[in-house]
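Student: Got a file for you: target_22.txt, compact mmCIF, C-alpha atoms.
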# COMPACT_ATOMS: atom_id res chain seq x y z
CA MET A 25 -17.35 -6.11 -39.06
CA ARG A 26 -15.99 -9.49 -38.03
CA ARG A 27 -13.60 -7.84 -35.61
CA VAL A 28 -16.43 -5.86 -34.07
CA LEU A 29 -18.44 -9.05 -33.69
CA VAL A 30 -15.53 -10.77 -32.00
CA ILE A 31 -15.15 -7.95 -29.53
CA VAL A 32 -18.90 -7.90 -28.84
CA VAL A 33 -18.88 -11.62 -28.07
CA ALA A 34 -15.76 -11.28 -25.99
CA VAL A 35 -17.20 -8.49 -23.90
CA ALA A 36 -20.45 -10.41 -23.49
CA ALA A 37 -18.55 -13.52 -22.42
CA VAL A 38 -16.91 -11.95 -19.42
CA SER A 39 -18.65 -12.10 -16.05
CA PRO A 40 -19.91 -9.22 -13.98
CA ALA A 41 -17.64 -7.37 -11.61
CA LEU A 42 -16.36 -9.39 -8.71
CA ALA A 43 -13.13 -7.70 -7.82
CA HIS A 44 -14.12 -5.19 -5.20
CA THR A 45 -17.13 -6.09 -3.20
CA GLY A 46 -16.85 -3.51 -0.45
CA GLY A 47 -16.83 0.26 -0.79
CA VAL A 48 -13.44 1.89 -1.13
CA ALA A 49 -14.42 4.81 1.11
CA ASP A 50 -15.89 2.49 3.75
CA GLY A 51 -12.76 0.36 3.69
CA LEU A 52 -10.45 3.37 3.98
CA VAL A 53 -12.39 4.95 6.83
CA GLY A 54 -12.66 1.61 8.65
CA GLY A 55 -8.93 1.09 8.30
CA LEU A 56 -8.10 4.62 9.45
CA MET A 57 -10.30 4.25 12.52
CA HIS A 58 -9.13 0.77 13.52
CA PRO A 59 -5.83 1.63 15.24
CA VAL A 60 -7.15 4.91 16.63
CA PHE A 61 -9.82 3.16 18.72
CA GLY A 62 -7.33 0.82 20.37
CA PRO A 63 -5.67 2.79 23.19
CA ASP A 64 -2.95 0.15 23.55
CA HIS A 65 -2.10 0.50 19.85
CA VAL A 66 -2.17 4.29 20.07
CA ALA A 67 0.15 4.38 23.09
CA ALA A 68 2.70 2.05 21.50
CA MET A 69 2.65 3.84 18.12
CA VAL A 70 3.16 7.24 19.69
CA ALA A 71 6.00 5.77 21.76
CA VAL A 72 7.71 4.54 18.57
CA GLY A 73 7.64 8.09 17.22
CA LEU A 74 8.80 9.60 20.50
CA TRP A 75 11.70 7.16 20.74
CA GLY A 76 12.68 7.77 17.12
CA ALA A 77 12.75 11.51 17.71
CA PHE A 78 14.66 11.00 20.95
CA LEU A 79 17.31 8.89 19.21
CA GLY A 80 17.61 11.39 16.34
CA SER A 81 18.68 10.69 12.76
CA PRO A 82 18.63 8.06 11.28
CA ALA A 83 16.42 6.33 13.89
CA ILE A 84 13.80 9.05 13.49
CA PHE A 85 12.93 7.66 10.05
CA ILE A 86 14.29 4.11 10.24
CA LEU A 87 11.89 3.10 13.02
CA PRO A 88 8.75 4.37 11.22
CA ILE A 89 9.94 2.49 8.09
CA VAL A 90 10.72 -0.74 9.93
CA PHE A 91 7.50 -0.80 11.91
CA PRO A 92 4.90 -0.96 9.09
CA LEU A 93 6.94 -3.46 7.08
CA VAL A 94 7.33 -5.86 9.98
CA MET A 95 3.76 -5.17 11.09
CA ALA A 96 2.63 -6.33 7.65
CA LEU A 97 4.47 -9.61 8.17
CA GLY A 98 2.67 -10.01 11.49
CA GLY A 99 -0.53 -9.17 9.65
CA VAL A 100 0.16 -11.98 7.18
CA LEU A 101 0.40 -14.42 10.09
CA GLY A 102 -2.89 -13.14 11.48
CA ILE A 103 -4.68 -13.30 8.12
CA LEU A 104 -3.42 -16.81 7.42
CA GLY A 105 -4.57 -17.89 10.87
CA VAL A 106 -1.08 -18.75 12.11
CA PRO A 107 -1.44 -18.65 15.90
CA LEU A 108 0.79 -16.31 17.84
CA PRO A 109 0.61 -16.75 21.61
CA GLY A 110 0.01 -13.74 23.82
CA VAL A 111 -0.80 -11.19 21.13
CA GLU A 112 -2.68 -8.85 23.48
CA ILE A 113 0.01 -9.26 26.12
CA GLY A 114 2.66 -8.45 23.53
CA ILE A 115 0.82 -5.27 22.56
CA ALA A 116 0.48 -4.15 26.18
CA VAL A 117 4.15 -4.97 26.85
CA SER A 118 5.13 -2.98 23.74
CA ALA A 119 3.55 0.16 25.20
CA ALA A 120 5.23 -0.45 28.56
CA VAL A 121 8.70 -1.19 27.13
CA LEU A 122 8.73 1.51 24.44
CA GLY A 123 7.38 4.08 26.90
CA MET A 124 10.09 3.06 29.36
CA MET A 125 12.78 3.45 26.70
CA VAL A 126 11.67 7.04 26.21
CA ALA A 127 11.30 7.74 29.92
CA LEU A 128 14.77 6.38 30.67
CA ALA A 129 16.24 8.14 27.62
CA ALA A 130 17.66 4.79 26.49
CA ARG A 131 20.06 5.09 23.57
CA PRO A 132 20.87 1.59 22.32
CA PRO A 133 22.54 1.04 18.92
CA LEU A 134 20.16 1.60 16.00
CA TRP A 135 19.91 -2.09 15.14
CA VAL A 136 18.89 -2.94 18.69
CA ALA A 137 16.17 -0.27 18.62
CA ALA A 138 15.00 -1.55 15.23
CA VAL A 139 14.85 -5.15 16.48
CA ILE A 140 12.88 -4.14 19.59
CA VAL A 141 10.40 -2.10 17.54
CA GLY A 142 10.18 -4.78 14.85
CA ALA A 143 9.54 -7.54 17.39
CA PHE A 144 6.61 -5.64 18.87
CA ALA A 145 5.33 -4.77 15.39
CA ILE A 146 4.68 -8.49 14.83
CA PHE A 147 2.10 -8.48 17.65
CA HIS A 148 0.38 -5.33 16.43
CA GLY A 149 0.29 -6.64 12.86
CA HIS A 150 -1.09 -10.00 13.94
CA ALA A 151 -3.93 -8.32 15.84
CA HIS A 152 -4.76 -6.06 12.87
CA GLY A 153 -4.50 -8.89 10.36
CA ALA A 154 -6.79 -11.19 12.31
CA GLU A 155 -9.41 -8.43 12.44
CA LEU A 156 -9.45 -7.44 8.75
CA PRO A 157 -13.16 -7.40 7.84
CA PRO A 158 -13.87 -9.55 4.79
CA GLY A 159 -16.60 -7.25 3.43
CA ALA A 160 -14.60 -4.05 3.19
CA ASP A 161 -12.35 -3.17 0.28
CA ALA A 162 -9.23 -4.97 1.46
CA VAL A 163 -6.70 -2.65 -0.17
CA ALA A 164 -8.39 0.50 1.08
CA TYR A 165 -8.77 -0.96 4.59
CA SER A 166 -5.14 -2.07 4.75
CA ALA A 167 -3.91 1.24 3.40
CA GLY A 168 -6.13 3.02 5.92
CA PHE A 169 -4.76 1.30 8.96
CA VAL A 170 -1.17 1.48 7.75
CA ILE A 171 -1.63 5.23 7.18
CA ALA A 172 -3.28 5.66 10.60
CA THR A 173 -0.40 3.77 12.22
CA GLY A 174 2.11 5.94 10.37
CA CYS A 175 0.29 9.11 11.40
CA LEU A 176 0.47 8.05 15.04
CA HIS A 177 4.23 7.60 14.58
CA LEU A 178 4.41 11.07 13.04
CA ALA A 179 2.43 12.50 15.96
CA GLY A 180 4.98 10.96 18.31
CA ILE A 181 7.86 12.31 16.22
CA ALA A 182 6.31 15.79 16.15
CA PHE A 183 5.99 15.83 19.93
CA GLY A 184 9.40 14.21 20.27
CA LEU A 185 11.06 17.07 18.41
CA LEU A 186 10.60 19.08 21.60
CA THR A 187 13.73 17.28 22.85
CA ARG A 188 15.72 20.11 21.24
CA TRP A 189 14.96 22.14 24.34
CA PRO A 190 15.70 21.07 27.94
CA ALA A 191 12.09 21.60 29.06
CA GLY A 192 10.86 19.76 26.00
CA ARG A 193 13.19 16.88 26.78
CA LEU A 194 11.61 16.60 30.20
CA ALA A 195 8.13 16.73 28.67
CA VAL A 196 8.96 13.96 26.21
CA ARG A 197 10.44 11.74 28.91
CA THR A 198 7.38 12.37 31.07
CA ALA A 199 5.14 11.37 28.14
CA GLY A 200 7.20 8.22 27.78
CA GLY A 201 6.69 7.47 31.45
CA ALA A 202 2.94 8.00 31.10
CA ILE A 203 2.86 5.57 28.17
CA ALA A 204 4.85 3.00 30.17
CA ILE A 205 2.37 3.28 33.04
CA ALA A 206 -0.54 2.95 30.62
CA GLY A 207 1.12 -0.15 29.17
CA LEU A 208 1.38 -1.67 32.63
CA MET A 209 -2.30 -0.89 33.19
CA PHE A 210 -3.21 -2.60 29.89
CA LEU A 211 -1.15 -5.55 31.07
CA GLY A 212 -2.90 -5.55 34.45
CA ARG A 213 -6.30 -5.73 32.76
CA LEU A 214 -5.23 -8.83 30.89
CA ALA A 215 -3.97 -10.61 33.99
CA MET B 23 -11.26 -19.23 -38.64
CA ARG B 24 -9.83 -16.20 -36.91
CA LEU B 25 -13.32 -15.46 -35.71
CA LEU B 26 -13.62 -18.93 -34.21
CA ILE B 27 -10.27 -18.62 -32.48
CA ALA B 28 -11.26 -15.27 -31.07
CA LEU B 29 -14.60 -16.66 -29.92
CA ALA B 30 -12.88 -19.59 -28.28
CA LEU B 31 -10.44 -17.26 -26.55
CA ALA B 32 -13.32 -15.15 -25.34
CA LEU B 33 -15.22 -18.10 -23.98
CA ILE B 34 -12.27 -19.65 -22.15
CA ALA B 35 -11.31 -16.32 -20.65
CA GLU B 36 -11.34 -16.25 -16.87
CA PRO B 37 -14.34 -14.61 -15.25
CA ALA B 38 -13.54 -10.92 -15.45
CA LEU B 39 -12.55 -9.35 -12.18
CA ALA B 40 -13.91 -6.16 -13.61
CA HIS B 41 -14.12 -2.87 -11.80
CA PRO B 42 -17.34 -0.88 -11.88
CA PRO B 43 -17.07 2.63 -13.35
CA PRO B 44 -15.67 4.99 -10.66
CA LEU B 45 -18.44 7.09 -9.07
CA GLY B 46 -20.78 5.49 -11.59
CA ILE B 47 -19.26 7.57 -14.39
CA PRO B 48 -19.14 5.46 -17.54
CA GLY B 49 -17.14 5.98 -20.73
CA PHE B 50 -13.92 7.90 -21.17
CA PHE B 51 -13.99 9.82 -17.90
CA GLY B 52 -14.87 6.68 -15.94
CA GLY B 53 -11.81 5.04 -17.45
CA PHE B 54 -9.72 8.15 -16.83
CA LEU B 55 -10.55 8.02 -13.12
CA HIS B 56 -10.15 4.24 -12.94
CA PRO B 57 -6.49 4.17 -11.78
CA LEU B 58 -7.34 6.65 -9.03
CA PHE B 59 -10.32 4.69 -7.72
CA VAL B 60 -8.90 1.17 -7.76
CA PRO B 61 -6.72 1.22 -4.63
CA ALA B 62 -4.37 -1.57 -5.76
CA HIS B 63 -3.62 0.26 -9.01
CA LEU B 64 -3.18 3.54 -7.19
CA LEU B 65 -0.70 1.93 -4.78
CA ALA B 66 1.29 0.42 -7.64
CA VAL B 67 1.44 3.65 -9.66
CA LEU B 68 2.31 5.73 -6.58
CA GLY B 69 5.05 3.28 -5.64
CA LEU B 70 6.52 3.21 -9.13
CA GLY B 71 6.23 6.97 -9.62
CA LEU B 72 7.81 7.81 -6.28
CA LEU B 73 10.59 5.29 -6.94
CA ALA B 74 11.26 6.77 -10.40
CA GLY B 75 11.35 10.24 -8.84
CA GLN B 76 13.69 9.05 -6.10
CA GLN B 77 16.06 7.50 -8.68
CA ALA B 78 16.00 10.62 -10.91
CA PRO B 79 18.06 11.78 -12.77
CA HIS B 80 19.76 8.37 -12.85
CA TRP B 81 16.57 6.88 -14.29
CA GLY B 82 15.64 8.65 -17.50
CA ARG B 83 12.41 8.90 -19.44
CA ALA B 84 12.77 5.30 -20.61
CA VAL B 85 11.23 4.10 -17.34
CA PRO B 86 7.90 5.96 -17.64
CA GLY B 87 8.04 5.21 -21.37
CA ALA B 88 8.24 1.47 -20.71
CA TYR B 89 5.28 1.75 -18.32
CA ILE B 90 3.15 3.64 -20.84
CA ILE B 91 3.85 1.25 -23.72
CA ALA B 92 3.16 -1.80 -21.56
CA LEU B 93 -0.03 -0.22 -20.18
CA LEU B 94 -1.31 0.34 -23.70
CA VAL B 95 -0.40 -3.24 -24.66
CA GLY B 96 -2.29 -4.59 -21.66
CA LEU B 97 -5.36 -2.50 -22.46
CA GLY B 98 -5.09 -3.59 -26.08
CA VAL B 99 -5.19 -7.25 -25.04
CA LEU B 100 -8.43 -6.58 -23.17
CA THR B 101 -10.08 -5.42 -26.39
CA LEU B 102 -9.66 -9.01 -27.62
CA GLY B 103 -11.81 -10.13 -24.73
CA VAL B 104 -9.02 -11.98 -22.99
CA VAL B 105 -8.85 -11.25 -19.29
CA PRO B 106 -5.79 -12.99 -17.87
CA ARG B 107 -6.04 -14.48 -14.43
CA GLY B 108 -4.14 -12.93 -11.56
CA ALA B 109 -3.50 -9.47 -12.97
CA ASP B 110 -4.69 -7.83 -9.74
CA LEU B 111 -2.39 -10.06 -7.68
CA ALA B 112 0.50 -9.12 -9.96
CA VAL B 113 -0.31 -5.43 -9.46
CA LEU B 114 -0.17 -5.91 -5.68
CA ALA B 115 3.08 -7.88 -5.85
CA LEU B 116 4.62 -5.13 -7.97
CA ALA B 117 3.40 -2.52 -5.47
CA VAL B 118 5.23 -4.47 -2.74
CA MET B 119 8.37 -4.42 -4.88
CA SER B 120 8.20 -0.71 -5.73
CA GLY B 121 7.33 0.26 -2.15
CA GLY B 122 10.08 -1.89 -0.71
CA LEU B 123 12.70 -0.51 -3.09
CA LEU B 124 11.50 3.02 -2.35
CA ALA B 125 11.89 2.40 1.39
CA LEU B 126 15.39 0.94 0.88
CA ALA B 127 16.46 3.98 -1.19
CA ARG B 128 19.42 2.29 -2.86
CA PRO B 129 20.62 3.25 -6.36
CA LEU B 130 19.16 0.88 -8.94
CA PRO B 131 20.12 0.34 -12.61
CA GLU B 132 17.83 1.96 -15.14
CA GLY B 133 17.27 -1.40 -16.83
CA ALA B 134 15.77 -2.79 -13.63
CA GLY B 135 13.55 0.27 -13.43
CA GLY B 136 12.42 -0.24 -17.00
CA ALA B 137 11.56 -3.88 -16.34
CA LEU B 138 9.66 -2.99 -13.17
CA ALA B 139 7.81 -0.20 -14.98
CA ALA B 140 6.91 -2.37 -17.97
CA THR B 141 5.63 -5.18 -15.75
CA THR B 142 3.60 -2.73 -13.68
CA GLY B 143 2.10 -1.08 -16.75
CA LEU B 144 1.19 -4.43 -18.28
CA ALA B 145 -0.37 -5.74 -15.07
CA ILE B 146 -2.42 -2.57 -14.59
CA GLY B 147 -3.57 -2.66 -18.20
CA LEU B 148 -4.58 -6.32 -17.98
CA GLY B 149 -6.19 -5.70 -14.61
CA SER B 150 -8.53 -2.99 -15.89
CA PRO B 151 -11.39 -4.77 -17.64
CA PRO B 152 -14.33 -2.36 -17.72
CA GLU B 153 -17.68 -3.46 -16.35
CA VAL B 154 -19.99 -2.07 -18.99
CA ILE B 155 -22.38 -3.67 -21.42
CA SER B 156 -21.86 -1.63 -24.56
CA LEU B 157 -18.76 -2.15 -26.65
CA ARG B 158 -18.44 1.55 -27.33
CA ALA B 159 -18.50 2.37 -23.61
CA ALA B 160 -15.96 -0.38 -22.93
CA ASN B 161 -13.58 0.95 -25.53
CA LEU B 162 -14.01 4.52 -24.32
CA MET B 163 -13.26 3.36 -20.77
CA LEU B 164 -10.14 1.54 -21.91
CA ILE B 165 -8.94 4.63 -23.78
CA GLY B 166 -9.68 6.72 -20.70
CA THR B 167 -7.77 4.27 -18.51
CA GLY B 168 -4.79 4.59 -20.84
CA PHE B 169 -4.84 8.37 -20.51
CA GLY B 170 -5.55 8.33 -16.77
CA GLY B 171 -2.87 5.76 -15.97
CA THR B 172 -0.31 7.61 -18.06
CA ILE B 173 -1.04 11.05 -16.64
CA LEU B 174 -1.10 9.77 -13.06
CA LEU B 175 2.35 8.22 -13.39
CA VAL B 176 3.86 11.22 -15.17
CA VAL B 177 2.49 13.61 -12.52
CA VAL B 178 3.81 11.46 -9.65
CA VAL B 179 7.25 11.06 -11.27
CA GLU B 180 7.54 14.78 -11.98
CA ALA B 181 6.41 15.72 -8.48
CA ALA B 182 8.63 13.12 -6.80
CA SER B 183 11.71 14.15 -8.78
CA ARG B 184 11.36 17.62 -7.24
CA LEU B 185 11.44 16.27 -3.69
CA THR B 186 15.12 16.81 -3.08
CA ARG B 187 15.22 18.01 0.52
CA THR B 188 16.26 15.48 3.12
CA TRP B 189 12.93 15.42 4.95
CA GLN B 190 11.10 15.08 1.65
CA ARG B 191 13.21 12.09 0.63
CA VAL B 192 12.69 10.56 4.07
CA GLY B 193 8.94 11.10 3.64
CA GLY B 194 9.13 9.25 0.33
CA ARG B 195 10.85 6.30 2.01
CA ILE B 196 8.21 6.18 4.73
CA LEU B 197 5.48 6.26 2.07
CA GLY B 198 7.25 3.37 0.36
CA SER B 199 7.06 1.29 3.52
CA TRP B 200 3.34 2.11 3.83
CA ILE B 201 2.70 1.09 0.22
CA ALA B 202 4.60 -2.18 0.61
CA ALA B 203 2.93 -2.98 3.94
CA SER B 204 -0.59 -2.34 2.59
CA ALA B 205 0.03 -4.48 -0.48
CA ILE B 206 1.57 -7.34 1.56
CA LEU B 207 -1.53 -7.46 3.77
CA VAL B 208 -3.90 -7.60 0.82
CA LEU B 209 -1.83 -10.29 -0.90
CA ALA B 210 -2.09 -12.35 2.28
CA LEU B 211 -5.83 -11.73 2.41
CA ARG B 212 -6.21 -12.95 -1.16
CA ALA B 213 -4.01 -15.97 -0.44
CA ALA B 214 -6.21 -16.81 2.52
CA GLY B 215 -9.15 -16.84 0.12
Represent the supplied structure as structure tokens.
Tutor:
Amino acid sequence: MRRVLVIVVAVAAVSPALAHTGGVADGLVGGLMHPVFGPDHVAAMVAVGLWGAFLGSPAIFILPIVFPLVMALGGVLGILGVPLPGVEIGIAVSAAVLGMMVALAARPPLWVAAVIVGAFAIFHGHAHGAELPPGADAVAYSAGFVIATGCLHLAGIAFGLLTRWPAGRLAVRTAGGAIAIAGLMFLGRLA
Amino acid sequence: MRLLIALALALIAEPALAHPPPLGIPGFFGGFLHPLFVPAHLLAVLGLGLLAGQQAPHWGRAVPGAYIIALLVGLGVLTLGVVPRGADLAVLALAVMSGGLLALARPLPEGAGGALAATTGLAIGLGSPPEVISLRAANLMLIGTGFGGTILLVVVVEAASRLTRTWQRVGGRILGSWIAASAILVLALRAAG
């Protein structure tokens, strides 16, 4: 009886729920949509996948692993309000440079490719982190935009697998060129 | 005397960062679904389960066993009305660890796996205070959470241990990076207040 009483008091003593103020579904959908509605993000993410597929194994999976992890570190900077100069310029340049790498069929050593991709991931992460809405479920939102980013990589990889065939190789390089041009246009808008 | 101590413990307990019953379902089934509907817990269990599957057969049943025992201990502590501070942050930090190790895909000693599993289970247990008024409903939810958390991990470990093809293992590593990245962002968000 005494034990029951203790538990009753203990349960009564705790406060109402405060942990998750926003809806999980809203947060997830918001996060999934966030990168998709930024054409500069989309172009750069697809280019990461294309380049990974172009470089082959192990770059095809190392780059999509490196990107979200470094992007998260950029996101931390954005969330904590640490200023990073030229974030939008960095994002536009990322599309231009990564697209150019694909168009030119550049084959640097894996670590160089990882450093290039990782450096640009900082800018993308910072932009995402600074825009995390406080009301949404933070975990669901973050998971949503990381998943959306990863899916854009996978879309690039899927298209990039066409490089197995000569015509496909041309198509992939052309796509890379289109992304590079789009990146330059994004850059021009910022100037 | 014991009653007074328990009362004091209850009153000094941190405000409960309780989770409402998933889909508004109270009782056992609400608790059962709890690990699936609290994203931080889901990330941590997925990360741990995929890691345990990746490390199989090197990691034996001791790893999920350590998680289950620690989960039950954590839930048991909640029945005393003590809600430790920072359990949700610990769950996220452990998700970062599991996801990062999964992405790295290096062989790890079973002892390290057991420690990671036990800490994860304990943090999830302590981070699952039910938001219900009645004591009976609270206890039923805690029991349900014990079952749900256990079954979720076992299913993920069993499924992940069958992913032996190269592309499947690569997919697991990519998922690990996603889990770690998501958890890092939320930790930063919490740190920013």
Student: List as number ranges by chain: which residues have an atom within 12 Å of (6.2, -0.4, -4.6), counting only C-alpha atoms?
Tutor: B: 62-74, 112-127, 135, 138-139, 142, 194-206
Student: Scan for residues within 9 Å of the point (17.0, 5.9, 18.8) in the coordinates of the file, using all atoms listed in the file, and reply as a list in words.
Tutor: Trp75, Gly76, Ala77, Phe78, Leu79, Gly80, Ser81, Pro82, Ala83, Ile84, Leu87, Ala130, Arg131, Pro132, Pro133, Leu134, Ala137 and Ala138 of chain A
Student: Have a look at A:Gly174, A:Gly123, A:Gly168, A:Gly98 and name the one nearest to A:Leu56; count all atoms listed in the file.
Tutor: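 Nearest to A:Leu56: A:Gly168.
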Student: Just to confirm, what's the straight-line distance from atom CA of A:Glu155 to atom CA of A:Val66 in Å (one decimal)?
Tutor: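 Separation of atom CA of A:Glu155 and atom CA of A:Val66: 16.5 Å.
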Student: Can you tell me which residues surround A:Leu104 at a distance of at most 9 Å, considering all atoms listed in the file, apart from same-chain residues fewer than 2 positions away, and format the answer as a list in words?
Tutor: Gly99, Val100, Leu101, Gly102, Val106, Pro107, Gly153 and Ala154 of chain A; Ala210, Leu211, Ala213 and Ala214 of chain B
Student: Please report the interatomic distance between atom CA of A:Val163 and atom CA of B:Gly215 in Å with one decimal.
Tutor: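 Computing the Euclidean distance for atom CA of A:Val163 and atom CA of B:Gly215 yields 14.4 Å.
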Student: I'd like the neighbourhood of A:Thr187 as a list in words, where a residue qualifies if any of its atoms comes within 7 Å (using all atoms listed in the file), though same-chain residues fewer than 3 positions away should be ignored.
Tutor: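 These residues fall inside the cut-off: Phe78, Gly184, Pro190, Gly192, Arg193 and Val196 of chain A.
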Student: Generate a file of the selected residues that holds C-alpha atoms, formatted as an mmCIF file, keeping the file's coordinate frame.
Tutor:
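Full text of part15.cif as output:
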data_model
loop_
_atom_site.group_PDB
_atom_site.id
_atom_site.type_symbol
_atom_site.label_atom_id
_atom_site.label_comp_id
_atom_site.auth_asym_id
_atom_site.auth_seq_id
_atom_site.Cartn_x
_atom_site.Cartn_y
_atom_site.Cartn_z
ATOM 1 C CA PHE A 78 14.660 11.000 20.950
ATOM 2 C CA GLY A 184 9.400 14.210 20.270
ATOM 3 C CA PRO A 190 15.700 21.070 27.940
ATOM 4 C CA GLY A 192 10.860 19.760 26.000
ATOM 5 C CA ARG A 193 13.190 16.880 26.780
ATOM 6 C CA VAL A 196 8.960 13.960 26.210
#
Student: Enter the distance from atom CA of B:Leu162 to atom CA of B:Leu97, in Å, rounded to one decimal.
Tutor: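 Separation between atom CA of B:Leu162 and atom CA of B:Leu97: 11.3 Å.
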Student: Between A:Leu194, A:Ala127, A:Leu74, A:Ala164, single out the one closest to A:Ile181, counting only C-alpha atoms.
Tutor: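 Of all the options, A:Leu74 lies closest to A:Ile181.
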Student: Rank nothing, just name the residue among B:Ala88, B:Leu209, B:Ile47, B:Leu55 nearest to B:Gly136, using only C-alpha atoms.
Tutor: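 Ranked by minimum distance to B:Gly136, first place goes to B:Ala88.
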